[in-house]
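**Student:** One structure coming up, written as structure tokens, with questions to follow.
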Amino acid sequence: MAAVEEESKNSASTDLIASFYGGMSQKCEGFWIDVNFLPAVKVMQKDFQPRPDDIFLASFRKSGTTWSKALLHTIIQCSSNQQRDTNLGVGVDNKNPHSLVPTMETYLFDSTADDHHYDLSIFSKFPSPRLLHTHLPFHLLPPLARSSACKIVYIARNPRDVFVSLWKFLNKLQKDGFAYLNGDLSKETVFDVFCSGFNHGGPFAESVLSYWHESRRDPNKVMFLTYEDLQDDCVGWVKKLGLFLGCSPQLVEENAAIIVEKCSFQSLSTLEVNKTGRVLENKFGLPNHSFFREGKVGEWKKHFTPQMEERIYLAIEQKLNKEGLHFKYNL
């Protein structure tokens, strides 16, 4: 890994980085990684051994992660008729999607009492095919995961709605008393940090493009889809996901509409398991209800000024457009 570099563009950005999860972000191979997770990322890169049938779901934060975890879990569970957890019958009806599909770097950090000794065997309890998630850019995935036969699904979302969702999410956690969030979380500060690229896994454009490029180079290994496309035709994309993952075409075809309904925002947000309890009990303890807010496309229009539109275009969107990646901003 590249040497750690400290970087800040103004005091507001530095304050948010310092307060977010109680520590600084550090630059690693061109991307900002929360210092809490960086040792876990290094261990994953060095020692994680993927299975040939592993499935990796990747996303930038607040890009539809909860929804896509639920969808992929249910697609695989329905098609293979195998349980996705050590407890029989456990699915999205009775367990939060983030507990069913662990985000590797946070799960490893939260499960380790000694921050100097990370035990990757915690992932061995998951039955094959394992469904694992990460917020890391493609270049920071474990090397064997990039080169092996395992599949990667990337879910992306337009950056304007990502920002609004992130800003609302952070403030919701702060209001709930989340101990690590004690800094300035005003719209202006969070927007400055987002556009500057200091978020975990950022900069946004470069992180998203790392998977976009790989999906075009090797579409049989990396599938790139957007939150907006899922909103527009979820049944169609569930069928495509099933085929990509090698699931039973007949079972996916027969159950696509049921899967979509089971994993809809309305269905998931009203379940008792997503109203109470927490994910990552040991160190973070994120409330299950914090992952469900509105689940809509185009909320950015309520919050953006013309100046914000200009800045996010110059900082992020024109980079995406230059590479042929164009998001939908309204449906």
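To be explicit about the labels: the chains of the structure tokens are called A, B, and onward in the order shown, and within each one the residues are counted from 1, while ligands get numbers from 1 in the order they are shown.
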Using only C-alpha atoms, tabulate the residues of region 100-186 of chain A lying at most 8 Å from any atom of region 200-213 of chain A, each with its closest atom pair and that distance in Å to one decimal, by chain and increasing residue number, as JSON lines.

**Tutor:**
```
{"residue": "A:His135", "atom": "CA", "partner": "A:Gly201", "partner_atom": "CA", "distance": 6.2}
{"residue": "A:Leu136", "atom": "CA", "partner": "A:Gly201", "partner_atom": "CA", "distance": 5.3}
{"residue": "A:Pro137", "atom": "CA", "partner": "A:Ser207", "partner_atom": "CA", "distance": 4.9}
{"residue": "A:Phe138", "atom": "CA", "partner": "A:Ser210", "partner_atom": "CA", "distance": 5.6}
{"residue": "A:His139", "atom": "CA", "partner": "A:Ser210", "partner_atom": "CA", "distance": 7.1}
{"residue": "A:Tyr154", "atom": "CA", "partner": "A:Tyr211", "partner_atom": "CA", "distance": 6.8}
{"residue": "A:Ala156", "atom": "CA", "partner": "A:Val208", "partner_atom": "CA", "distance": 6.9}
{"residue": "A:Pro159", "atom": "CA", "partner": "A:Phe204", "partner_atom": "CA", "distance": 7.8}
```

**Student:** If you run DSSP over the backbone, which residues in region 207-289 of chain A end up helix (DSSP H, G or I)? Put them as number ranges by chain.

**Tutor:** A: 207-217, 227-232, 234-244, 249-262, 265-269, 272-274, 288-289

**Student:** Going by DSSP on the backbone, which residues of region 101-315 of chain A come out as strand (DSSP E or B)? List them as an NGL selection string.

**Tutor:** :A and (103 or 131-134 or 151-156 or 222-226 or 278-279 or 286-287)

**Student:** Please save all heavy atoms of the selected residues as a short mmCIF file (atom, residue, chain, number, x, y, z; two decimals), in the first residue's frame.

**Tutor:**
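New file out.cif:
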```
data_model
loop_
_atom_site.label_atom_id
_atom_site.label_comp_id
_atom_site.auth_asym_id
_atom_site.auth_seq_id
_atom_site.Cartn_x
_atom_site.Cartn_y
_atom_site.Cartn_z
N THR A 103 -20.76 -5.92 5.59
CA THR A 103 -19.78 -5.05 4.93
C THR A 103 -18.42 -5.43 5.51
O THR A 103 -18.17 -5.23 6.70
CB THR A 103 -20.10 -3.57 5.16
OG1 THR A 103 -21.38 -3.29 4.57
CG2 THR A 103 -19.03 -2.68 4.55
N LEU A 131 -22.15 -14.18 0.19
CA LEU A 131 -22.48 -12.85 -0.32
C LEU A 131 -21.89 -11.84 0.64
O LEU A 131 -22.31 -11.74 1.79
CB LEU A 131 -24.00 -12.68 -0.44
CG LEU A 131 -24.51 -11.33 -0.91
CD1 LEU A 131 -23.89 -10.92 -2.25
CD2 LEU A 131 -26.04 -11.34 -1.01
N LEU A 132 -20.88 -11.11 0.19
CA LEU A 132 -20.15 -10.17 1.01
C LEU A 132 -20.18 -8.78 0.38
O LEU A 132 -20.24 -8.65 -0.85
CB LEU A 132 -18.69 -10.62 1.17
CG LEU A 132 -18.48 -12.03 1.73
CD1 LEU A 132 -17.03 -12.46 1.58
CD2 LEU A 132 -18.91 -12.09 3.20
N HIS A 133 -20.13 -7.77 1.20
CA HIS A 133 -20.24 -6.39 0.71
C HIS A 133 -19.02 -5.57 1.11
O HIS A 133 -18.34 -5.86 2.10
CB HIS A 133 -21.50 -5.71 1.27
CG HIS A 133 -21.55 -4.24 0.97
ND1 HIS A 133 -21.17 -3.27 1.88
CD2 HIS A 133 -21.91 -3.58 -0.16
CE1 HIS A 133 -21.30 -2.08 1.33
NE2 HIS A 133 -21.75 -2.24 0.09
N THR A 134 -18.75 -4.53 0.33
CA THR A 134 -17.68 -3.58 0.65
C THR A 134 -18.01 -2.20 0.11
O THR A 134 -18.74 -2.08 -0.89
CB THR A 134 -16.33 -4.04 0.09
OG1 THR A 134 -15.31 -3.12 0.50
CG2 THR A 134 -16.36 -4.11 -1.43
N LYS A 151 -17.83 -13.39 -8.59
CA LYS A 151 -18.58 -12.34 -9.27
C LYS A 151 -18.63 -11.08 -8.41
O LYS A 151 -18.62 -11.14 -7.18
CB LYS A 151 -20.01 -12.82 -9.54
CG LYS A 151 -20.11 -14.04 -10.46
CD LYS A 151 -19.95 -13.64 -11.92
CE LYS A 151 -20.30 -14.79 -12.84
NZ LYS A 151 -20.25 -14.42 -14.26
N ILE A 152 -18.74 -9.93 -9.09
CA ILE A 152 -18.84 -8.64 -8.42
C ILE A 152 -20.03 -7.88 -8.98
O ILE A 152 -20.15 -7.72 -10.20
CB ILE A 152 -17.56 -7.80 -8.59
CG1 ILE A 152 -16.35 -8.53 -8.00
CG2 ILE A 152 -17.73 -6.42 -7.94
CD1 ILE A 152 -15.02 -7.85 -8.29
N VAL A 153 -20.90 -7.42 -8.10
CA VAL A 153 -22.02 -6.57 -8.50
C VAL A 153 -21.79 -5.19 -7.88
O VAL A 153 -21.55 -5.08 -6.68
CB VAL A 153 -23.37 -7.14 -8.01
CG1 VAL A 153 -24.51 -6.16 -8.32
CG2 VAL A 153 -23.64 -8.50 -8.63
N TYR A 154 -21.87 -4.16 -8.71
CA TYR A 154 -21.69 -2.79 -8.20
C TYR A 154 -22.99 -2.00 -8.39
O TYR A 154 -23.54 -1.95 -9.49
CB TYR A 154 -20.55 -2.07 -8.92
CG TYR A 154 -20.22 -0.74 -8.26
CD1 TYR A 154 -19.47 -0.70 -7.09
CD2 TYR A 154 -20.68 0.47 -8.79
CE1 TYR A 154 -19.18 0.50 -6.46
CE2 TYR A 154 -20.39 1.68 -8.17
CZ TYR A 154 -19.64 1.68 -7.00
OH TYR A 154 -19.37 2.88 -6.39
N ILE A 155 -23.45 -1.39 -7.29
CA ILE A 155 -24.63 -0.55 -7.34
C ILE A 155 -24.20 0.91 -7.20
O ILE A 155 -23.49 1.26 -6.25
CB ILE A 155 -25.65 -0.94 -6.24
CG1 ILE A 155 -26.85 0.01 -6.22
CG2 ILE A 155 -25.01 -1.01 -4.87
CD1 ILE A 155 -27.82 -0.17 -7.34
N ALA A 156 -24.57 1.74 -8.16
CA ALA A 156 -24.21 3.16 -8.17
C ALA A 156 -25.47 4.00 -8.14
O ALA A 156 -26.56 3.55 -8.50
CB ALA A 156 -23.37 3.49 -9.40
N VAL A 222 -17.86 -8.40 -13.63
CA VAL A 222 -18.37 -7.24 -12.92
C VAL A 222 -19.65 -6.74 -13.58
O VAL A 222 -19.65 -6.40 -14.77
CB VAL A 222 -17.34 -6.10 -12.88
CG1 VAL A 222 -17.90 -4.90 -12.10
CG2 VAL A 222 -16.03 -6.57 -12.25
N MET A 223 -20.73 -6.70 -12.80
CA MET A 223 -21.99 -6.16 -13.29
C MET A 223 -22.22 -4.80 -12.64
O MET A 223 -22.19 -4.67 -11.42
CB MET A 223 -23.16 -7.09 -12.97
CG MET A 223 -24.48 -6.62 -13.52
SD MET A 223 -25.80 -7.84 -13.18
CE MET A 223 -27.14 -7.14 -14.14
N PHE A 224 -22.43 -3.78 -13.46
CA PHE A 224 -22.64 -2.41 -12.99
C PHE A 224 -24.10 -2.04 -13.22
O PHE A 224 -24.61 -2.11 -14.33
CB PHE A 224 -21.73 -1.46 -13.79
CG PHE A 224 -21.67 -0.06 -13.27
CD1 PHE A 224 -20.60 0.37 -12.50
CD2 PHE A 224 -22.68 0.85 -13.58
CE1 PHE A 224 -20.54 1.68 -12.03
CE2 PHE A 224 -22.62 2.15 -13.11
CZ PHE A 224 -21.54 2.57 -12.34
N LEU A 225 -24.79 -1.68 -12.14
CA LEU A 225 -26.17 -1.22 -12.28
C LEU A 225 -26.38 0.01 -11.42
O LEU A 225 -25.56 0.31 -10.54
CB LEU A 225 -27.16 -2.31 -11.90
CG LEU A 225 -27.28 -2.72 -10.43
CD1 LEU A 225 -28.67 -3.30 -10.17
CD2 LEU A 225 -26.24 -3.76 -10.07
N THR A 226 -27.44 0.75 -11.69
CA THR A 226 -27.69 1.97 -10.95
C THR A 226 -28.97 1.89 -10.13
O THR A 226 -29.91 1.15 -10.48
CB THR A 226 -27.77 3.20 -11.89
OG1 THR A 226 -29.00 3.14 -12.63
CG2 THR A 226 -26.58 3.25 -12.84
N ARG A 278 -29.97 -3.20 16.43
CA ARG A 278 -28.80 -2.52 15.88
C ARG A 278 -27.95 -3.47 15.06
O ARG A 278 -27.96 -4.68 15.27
CB ARG A 278 -27.94 -1.92 17.01
CG ARG A 278 -28.60 -0.77 17.75
CD ARG A 278 -27.77 -0.27 18.92
NE ARG A 278 -28.42 0.85 19.57
CZ ARG A 278 -28.23 2.12 19.23
NH1 ARG A 278 -27.37 2.41 18.26
NH2 ARG A 278 -28.85 3.10 19.85
N VAL A 279 -27.19 -2.88 14.14
CA VAL A 279 -26.19 -3.59 13.36
C VAL A 279 -24.82 -3.24 13.95
O VAL A 279 -24.60 -2.11 14.38
CB VAL A 279 -26.23 -3.17 11.87
CG1 VAL A 279 -25.14 -3.87 11.08
CG2 VAL A 279 -27.60 -3.49 11.28
N LEU A 286 -25.02 0.69 14.95
CA LEU A 286 -25.88 1.52 14.13
C LEU A 286 -27.33 1.05 14.24
O LEU A 286 -27.61 -0.14 14.05
CB LEU A 286 -25.44 1.45 12.66
CG LEU A 286 -24.05 2.00 12.34
CD1 LEU A 286 -23.71 1.73 10.88
CD2 LEU A 286 -23.99 3.49 12.63
N PRO A 287 -28.28 1.94 14.54
CA PRO A 287 -29.69 1.54 14.65
C PRO A 287 -30.22 1.02 13.32
O PRO A 287 -29.97 1.62 12.27
CB PRO A 287 -30.39 2.84 15.05
CG PRO A 287 -29.31 3.75 15.57
CD PRO A 287 -28.07 3.38 14.82
#
```

**Student:** Which residue is closest to Thr65 (chain A)? Choose from A:Arg130, A:Lys296, A:Arg146, A:Arg157 and count only C-alpha atoms.

**Tutor:**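 Counting only C-alpha atoms, the residue closest to Thr65 (chain A) is A:Arg157.
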
**Student:** Report the distance between CA of Glu299 (chain A) and CA of Glu228 (chain A) in Å, rounded to one decimal place.

**Tutor:**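 If I compute the distance from CA of Glu299 (chain A) to CA of Glu228 (chain A), I get 12.3 Å.
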
**Student:** Which one of A:Phe304, A:Phe169, A:Phe123, A:Phe198 sits closest to Ser63 (chain A) if you count only C-alpha atoms?

**Tutor:** A:Phe169

**Student:** Which of these, A:Leu245, A:Pro143, A:Glu105, A:Thr112, has the shortest distance to Asp34 (chain A) once you count only C-alpha atoms?

**Tutor:**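 Among A:Leu245, A:Pro143, A:Glu105, A:Thr112, it is A:Glu105 that comes nearest to Asp34 (chain A).
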
**Student:** Env of region 37-48 of chain A: 7 Å cut, atoms = only C-alpha atoms, seq-sep filter 5 positions within chain, self excluded. Answer as a PyMOL selection string.

**Tutor:** chain A and resi 105-106+108-109+118+120+141-143

**Student:** Check the smallest atom-to-atom distance from each of A:Gln266, A:Ala149, A:Val297, A:Met104 to Lys328 (chain A) using only C-alpha atoms, then report the winner.

**Tutor:**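 Ranked by minimum distance to Lys328 (chain A), first place goes to A:Val297.
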
**Student:** For a test of reading the model, state the distance in Å between CA of Ile76 (chain A) and CA of Asn96 (chain A), rounded to one decimal.

**Tutor:**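 Distance between the two atoms: 16.3 Å.
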
**Student:** Out of A:Glu253, A:Asp110, A:Asp233, A:Asp93, which residue has the shortest atom-to-atom distance to Asn274 (chain A) when counting only C-alpha atoms?

**Tutor:**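 Counting only C-alpha atoms, the residue closest to Asn274 (chain A) is A:Asp93.
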
**Student:** Compare A:Ala256, A:Leu57, A:Ala315, A:Leu170 by their minimum atom-to-atom distance to Lys240 (chain A), counting only C-alpha atoms, and give me the closest one.

**Tutor:** A:Ala256

**Student:** By how many Å are CA of Phe194 (chain A) and CA of Arg160 (chain A) apart?

**Tutor:**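 Calculated distance between CA of Phe194 (chain A) and CA of Arg160 (chain A) is 10.0 Å.
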
**Student:** Please provide as a PyMOL selection string all residues within 8 Å of Asn94 (chain A), with the sequence filter that same-chain residues fewer than 2 positions apart are discarded (counting only C-alpha atoms).

**Tutor:** chain A and resi 90-92+96+271+273

**Student:** Those residues you just picked out, can you put them in a file as a PDB file, in the first residue's frame with N, CA, C and O atoms?

**Tutor:**
```pdb
ATOM      1  N   VAL A  90     -33.622 -17.809   8.159  1.00  0.00           N
ATOM      2  CA  VAL A  90     -33.348 -16.389   8.326  1.00  0.00           C
ATOM      3  C   VAL A  90     -33.292 -15.710   6.963  1.00  0.00           C
ATOM      4  O   VAL A  90     -32.605 -16.158   6.056  1.00  0.00           O
ATOM      5  N   GLY A  91     -34.052 -14.650   6.819  1.00  0.00           N
ATOM      6  CA  GLY A  91     -34.059 -13.870   5.582  1.00  0.00           C
ATOM      7  C   GLY A  91     -34.435 -12.445   5.885  1.00  0.00           C
ATOM      8  O   GLY A  91     -34.414 -12.009   7.044  1.00  0.00           O
ATOM      9  N   VAL A  92     -34.800 -11.689   4.859  1.00  0.00           N
ATOM     10  CA  VAL A  92     -35.101 -10.273   5.052  1.00  0.00           C
ATOM     11  C   VAL A  92     -36.354 -10.056   5.894  1.00  0.00           C
ATOM     12  O   VAL A  92     -36.577  -8.955   6.405  1.00  0.00           O
ATOM     13  N   ASN A  96     -32.159  -7.737   9.562  1.00  0.00           N
ATOM     14  CA  ASN A  96     -31.787  -6.557   8.785  1.00  0.00           C
ATOM     15  C   ASN A  96     -30.819  -6.931   7.670  1.00  0.00           C
ATOM     16  O   ASN A  96     -29.934  -7.768   7.869  1.00  0.00           O
ATOM     17  N   LEU A 271     -41.103  -3.587   8.589  1.00  0.00           N
ATOM     18  CA  LEU A 271     -40.812  -4.781   9.386  1.00  0.00           C
ATOM     19  C   LEU A 271     -40.296  -4.379  10.774  1.00  0.00           C
ATOM     20  O   LEU A 271     -39.479  -3.455  10.904  1.00  0.00           O
ATOM     21  N   VAL A 273     -38.155  -5.824  12.616  1.00  0.00           N
ATOM     22  CA  VAL A 273     -36.719  -6.015  12.750  1.00  0.00           C
ATOM     23  C   VAL A 273     -35.943  -4.797  12.257  1.00  0.00           C
ATOM     24  O   VAL A 273     -34.812  -4.555  12.687  1.00  0.00           O
TER      25      VAL A 273
END
```
